[in-house]
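**Q** The structure under discussion is supplied below as structure tokens; questions concerning it will follow.
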Amino acid sequence: MINDPRAFLASLFHVAVKAADPLEAIRAHLPQRPKGRTVVVGAGKAASQMAAALETLWDGPLEGAVVAQHGPVAECRRIAVLQSAHPVPDEAGLAASGRLLREVRGLTENDLVIALISGGGSSLLPAPAGNLTLDDEIVVNRALLASGAPISAMNVVRKHVSRIKGGRLAHAAHPARVASLVLSDIPGDNPAHVASGPTVPDRSTPDDARAIIRQYRMKLPDAVMDHINGANAAAPGPDDPVFARQEHHVIASARVSLEAAAEAARRHGIETHILSDSIEGEARDIGLMHAALAREMRTHDRPFRKPSLILSGGETTVTIRDEGYGKGGRNTEFLLSFALAIDGQHDIHALAADTDGRDGSEHNAGAFADGTSIARMREKDIDPRALLMGHDAWSAFDAVGDIFDTGPTGTNVNDFRAILVR
């Protein structure tokens, strides 16, 4: 019997985060020491924690720099921790990208580059290509964030307007050996898509980028389109001999974290089912799908008999429409849609949160919801459906004390959704 559903769901979130702890993940994937220098580069929301873990584990000299988000960071002694902005790039990120490119220049075949890559790195590493400017890259980033495109598609576009993404950072390190250690926040765990793959090339082309721009009806500056249509937009492909000495490892992912949470729930005697670790789609639509499943379980004991827990991961999207937007992120938007669809069904409890500890525009990881959430919002003279339409889910949950705030977790393996049907 689970007497405190919120405490139970929160405990599962923390189990999932612990399973993606950078120290243990890196320990299992340490590359072989080189004859020459070991240079560390990296970027992402977990960059400083990954760098601190590597310093603890590495038996030998280390140097280099990583780029983390503005805010609290892990302390490092040998690796410089730079900071820049997320989700919209800034001047600090531009300087940080230049620093990483300088770190890998002039290396030899006896040297090793260890790249520590985690989600969020795309925004933290602005490096406009050709004649493009930081303002151009900011416009691209804002258009992508508002488009509703999945993260893998967004990162294809980013690769073709950058001089550091799409394998270009590893390309600049040639002839050194490059080992990329990747915390995946991408559905499907393709390492070339995490942080737009600064050290992991893929086969996407400018044609692919143009198709995505058309599909999601993005309006980008003429200078950006001129660059993508030009001769220098293509990123180096994985068949380029420069990448012959590269290795890359996905060292933690949503799949591993969800499996750890499921095992913890089963130890409490709760039947647990993982729907998928790679769910994508519009957040409010995915919320309706999860709510329909929870209602079916509560009413008809199918497809899973209650009491049961369902878990899912992946990365949903929020398409910003003409009505504008308020506060929140994809997890709170998912959950407000979910809460509206389970209104009055008191045996359903849910948590949706980002494993990095920050969901969208605010500083919370996510929120809780149950069958009383909507009634409690209306008691506060809040119209939850209007807030959902205005992409202001944070305000709805904050008003009733249902915000889930963890602070930065030091890792990032995408969204965590847990629904308990008692």
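Chain identifiers are assigned as A, B, and so on, following the order in which chains appear in the structure tokens; residues are numbered from 1 within each chain, and ligands are numbered from 1 in order of appearance.
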If we count only C-alpha atoms, what is near A:Gly344 at a cut-off of 9 Å, once residues fewer than 5 positions away on the same chain are taken out, given as an mmCIF file with C-alpha atoms, in the first residue's frame?

**A**
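So the final result, stored in part-v7.cif, reads:
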```
data_model
loop_
_atom_site.group_PDB
_atom_site.id
_atom_site.type_symbol
_atom_site.label_atom_id
_atom_site.label_comp_id
_atom_site.auth_asym_id
_atom_site.auth_seq_id
_atom_site.Cartn_x
_atom_site.Cartn_y
_atom_site.Cartn_z
ATOM 1 C CA ASP A 370 -4.094 14.041 -9.284
ATOM 2 C CA GLY A 371 -7.859 13.853 -9.626
ATOM 3 C CA THR A 372 -8.314 16.896 -7.369
ATOM 4 C CA SER A 373 -5.883 19.231 -9.161
ATOM 5 C CA ILE A 374 -8.387 20.905 -11.476
ATOM 6 C CA ALA A 375 -10.997 21.445 -8.744
#
```

**Q** Tell me, as a list of chain:residue names, which residues lie within 7 Å of stretch 279-296 of chain A, counting only C-alpha atoms; anything in the same chain fewer than 4 positions away does not count.

**A**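 So, after excluding close chain neighbours, the residues are A:Pro150, A:Pro187, A:His300, A:Asp301, A:Arg302, A:Gly313, A:Gly314, A:Glu315, A:Thr316, A:Thr317, A:Val318, A:Arg330, A:Glu333, A:Phe334, A:Leu335, A:Ser337, A:Phe338, A:Ala341, A:Ile342, A:Val421.
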
**Q** Take the residues that were just selected and, keeping N, CA and C atoms, output them as a compact mmCIF listing (two decimals), in the first residue's frame.

**A**
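Saved result, out01.txt, follows:
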```
# COMPACT_ATOMS: atom_id res chain seq x y z
N PRO A 150 10.58 17.96 -33.24
CA PRO A 150 11.28 17.13 -32.26
C PRO A 150 12.74 17.54 -32.17
N PRO A 187 15.45 10.99 -27.62
CA PRO A 187 14.73 9.74 -27.89
C PRO A 187 15.48 8.90 -28.93
N HIS A 300 -11.55 -0.18 -15.91
CA HIS A 300 -11.73 -1.51 -16.49
C HIS A 300 -10.58 -2.48 -16.23
N ASP A 301 -9.57 -2.05 -15.45
CA ASP A 301 -8.43 -2.92 -15.17
C ASP A 301 -7.74 -3.42 -16.44
N ARG A 302 -7.65 -2.55 -17.44
CA ARG A 302 -6.94 -2.91 -18.66
C ARG A 302 -6.28 -1.66 -19.24
N GLY A 313 9.35 7.96 -20.84
CA GLY A 313 10.36 8.98 -21.02
C GLY A 313 10.34 9.47 -22.46
N GLY A 314 11.35 10.24 -22.83
CA GLY A 314 11.40 10.83 -24.16
C GLY A 314 11.40 12.33 -24.06
N GLU A 315 11.03 13.01 -25.11
CA GLU A 315 10.98 14.47 -25.08
C GLU A 315 9.81 14.95 -25.93
N THR A 316 8.80 15.46 -25.26
CA THR A 316 7.67 16.03 -25.97
C THR A 316 8.02 17.44 -26.44
N THR A 317 7.13 18.05 -27.18
CA THR A 317 7.35 19.40 -27.70
C THR A 317 6.15 20.28 -27.39
N VAL A 318 6.39 21.57 -27.38
CA VAL A 318 5.34 22.57 -27.20
C VAL A 318 5.42 23.52 -28.38
N ARG A 330 7.57 21.73 -21.14
CA ARG A 330 6.82 20.64 -21.75
C ARG A 330 6.24 19.69 -20.70
N GLU A 333 3.17 21.36 -19.13
CA GLU A 333 2.10 21.40 -20.14
C GLU A 333 1.49 20.01 -20.31
N PHE A 334 2.34 18.98 -20.39
CA PHE A 334 1.85 17.60 -20.42
C PHE A 334 0.91 17.35 -19.25
N LEU A 335 1.35 17.76 -18.06
CA LEU A 335 0.63 17.41 -16.84
C LEU A 335 -0.68 18.17 -16.69
N SER A 337 -2.59 19.14 -19.20
CA SER A 337 -3.49 18.44 -20.11
C SER A 337 -3.97 17.13 -19.49
N PHE A 338 -3.05 16.41 -18.87
CA PHE A 338 -3.37 15.15 -18.19
C PHE A 338 -4.38 15.40 -17.06
N ALA A 341 -7.92 15.88 -18.05
CA ALA A 341 -8.55 14.66 -18.55
C ALA A 341 -8.84 13.64 -17.46
N ILE A 342 -8.27 13.80 -16.26
CA ILE A 342 -8.57 12.87 -15.15
C ILE A 342 -9.32 13.58 -14.04
N VAL A 421 -1.89 4.36 -10.54
CA VAL A 421 -3.34 4.13 -10.49
C VAL A 421 -3.59 3.17 -9.34
```

**Q** With only C-alpha atoms counted and 7 Å as the cut-off, give the residues of stretch 21-78 of chain A in contact with stretch 112-128 of chain A, each with its shortest interatomic distance in Å and the pair that gives it, as CSV.

**A**
```
residue,atom,partner,partner_atom,distance
A:Pro34,CA,A:Leu112,CA,5.9
A:Arg37,CA,A:Leu112,CA,6.2
A:Thr38,CA,A:Leu112,CA,4.8
A:Val39,CA,A:Val113,CA,4.8
A:Val40,CA,A:Ile114,CA,4.8
A:Val41,CA,A:Ala115,CA,4.9
A:Gly42,CA,A:Leu116,CA,4.4
A:Ala43,CA,A:Gly121,CA,4.9
A:Gly44,CA,A:Gly121,CA,4.0
A:Lys45,CA,A:Gly120,CA,5.5
A:Ala46,CA,A:Ser118,CA,5.9
A:Ala47,CA,A:Leu116,CA,6.4
A:Met50,CA,A:Leu116,CA,6.6
A:Val67,CA,A:Leu124,CA,6.8
A:Gln69,CA,A:Leu124,CA,6.8
```

**Q** For stretch 394-407 of chain A, list every protein, DNA or RNA residue within 6 Å, evaluated using only C-alpha atoms, and leave out those in the same chain fewer than 3 positions away; present the list as a ChimeraX atom specification.

**A** /A:327-328,357,364-368

**Q** Just give me the gap between atom CA of A:Ser196 and atom CA of A:Lys165 in Å, one decimal is fine.

**A**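 For atom CA of A:Ser196 relative to atom CA of A:Lys165, the distance reads 5.7 Å.
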
**Q** Using only C-alpha atoms, can you tell me which of A:His248, A:Arg105, A:His193, A:Arg77 comes closest to A:Pro175?

**A**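 Among the listed residues, A:Arg105 lies closest to A:Pro175.
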
**Q** What are the nearest atom pairs, with distances in Å to one decimal, for all residues of stretch 22-98 of chain A that come at most 9 Å from stretch 138-148 of chain A, using only C-alpha atoms, set out by chain and rising residue number as a tab-separated table?

**A**
```
residue	atom	partner	partner_atom	distance
A:Pro87	CA	A:Asn141	CA	8.0
A:Val88	CA	A:Ile138	CA	6.2
A:Pro89	CA	A:Ile138	CA	6.0
A:Asp90	CA	A:Ile138	CA	7.9
```

**Q** What is the distance between atom CA of A:Ser361 and atom CA of A:Leu23, in Å to one decimal?

**A**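 A separation of 28.1 Å between them.
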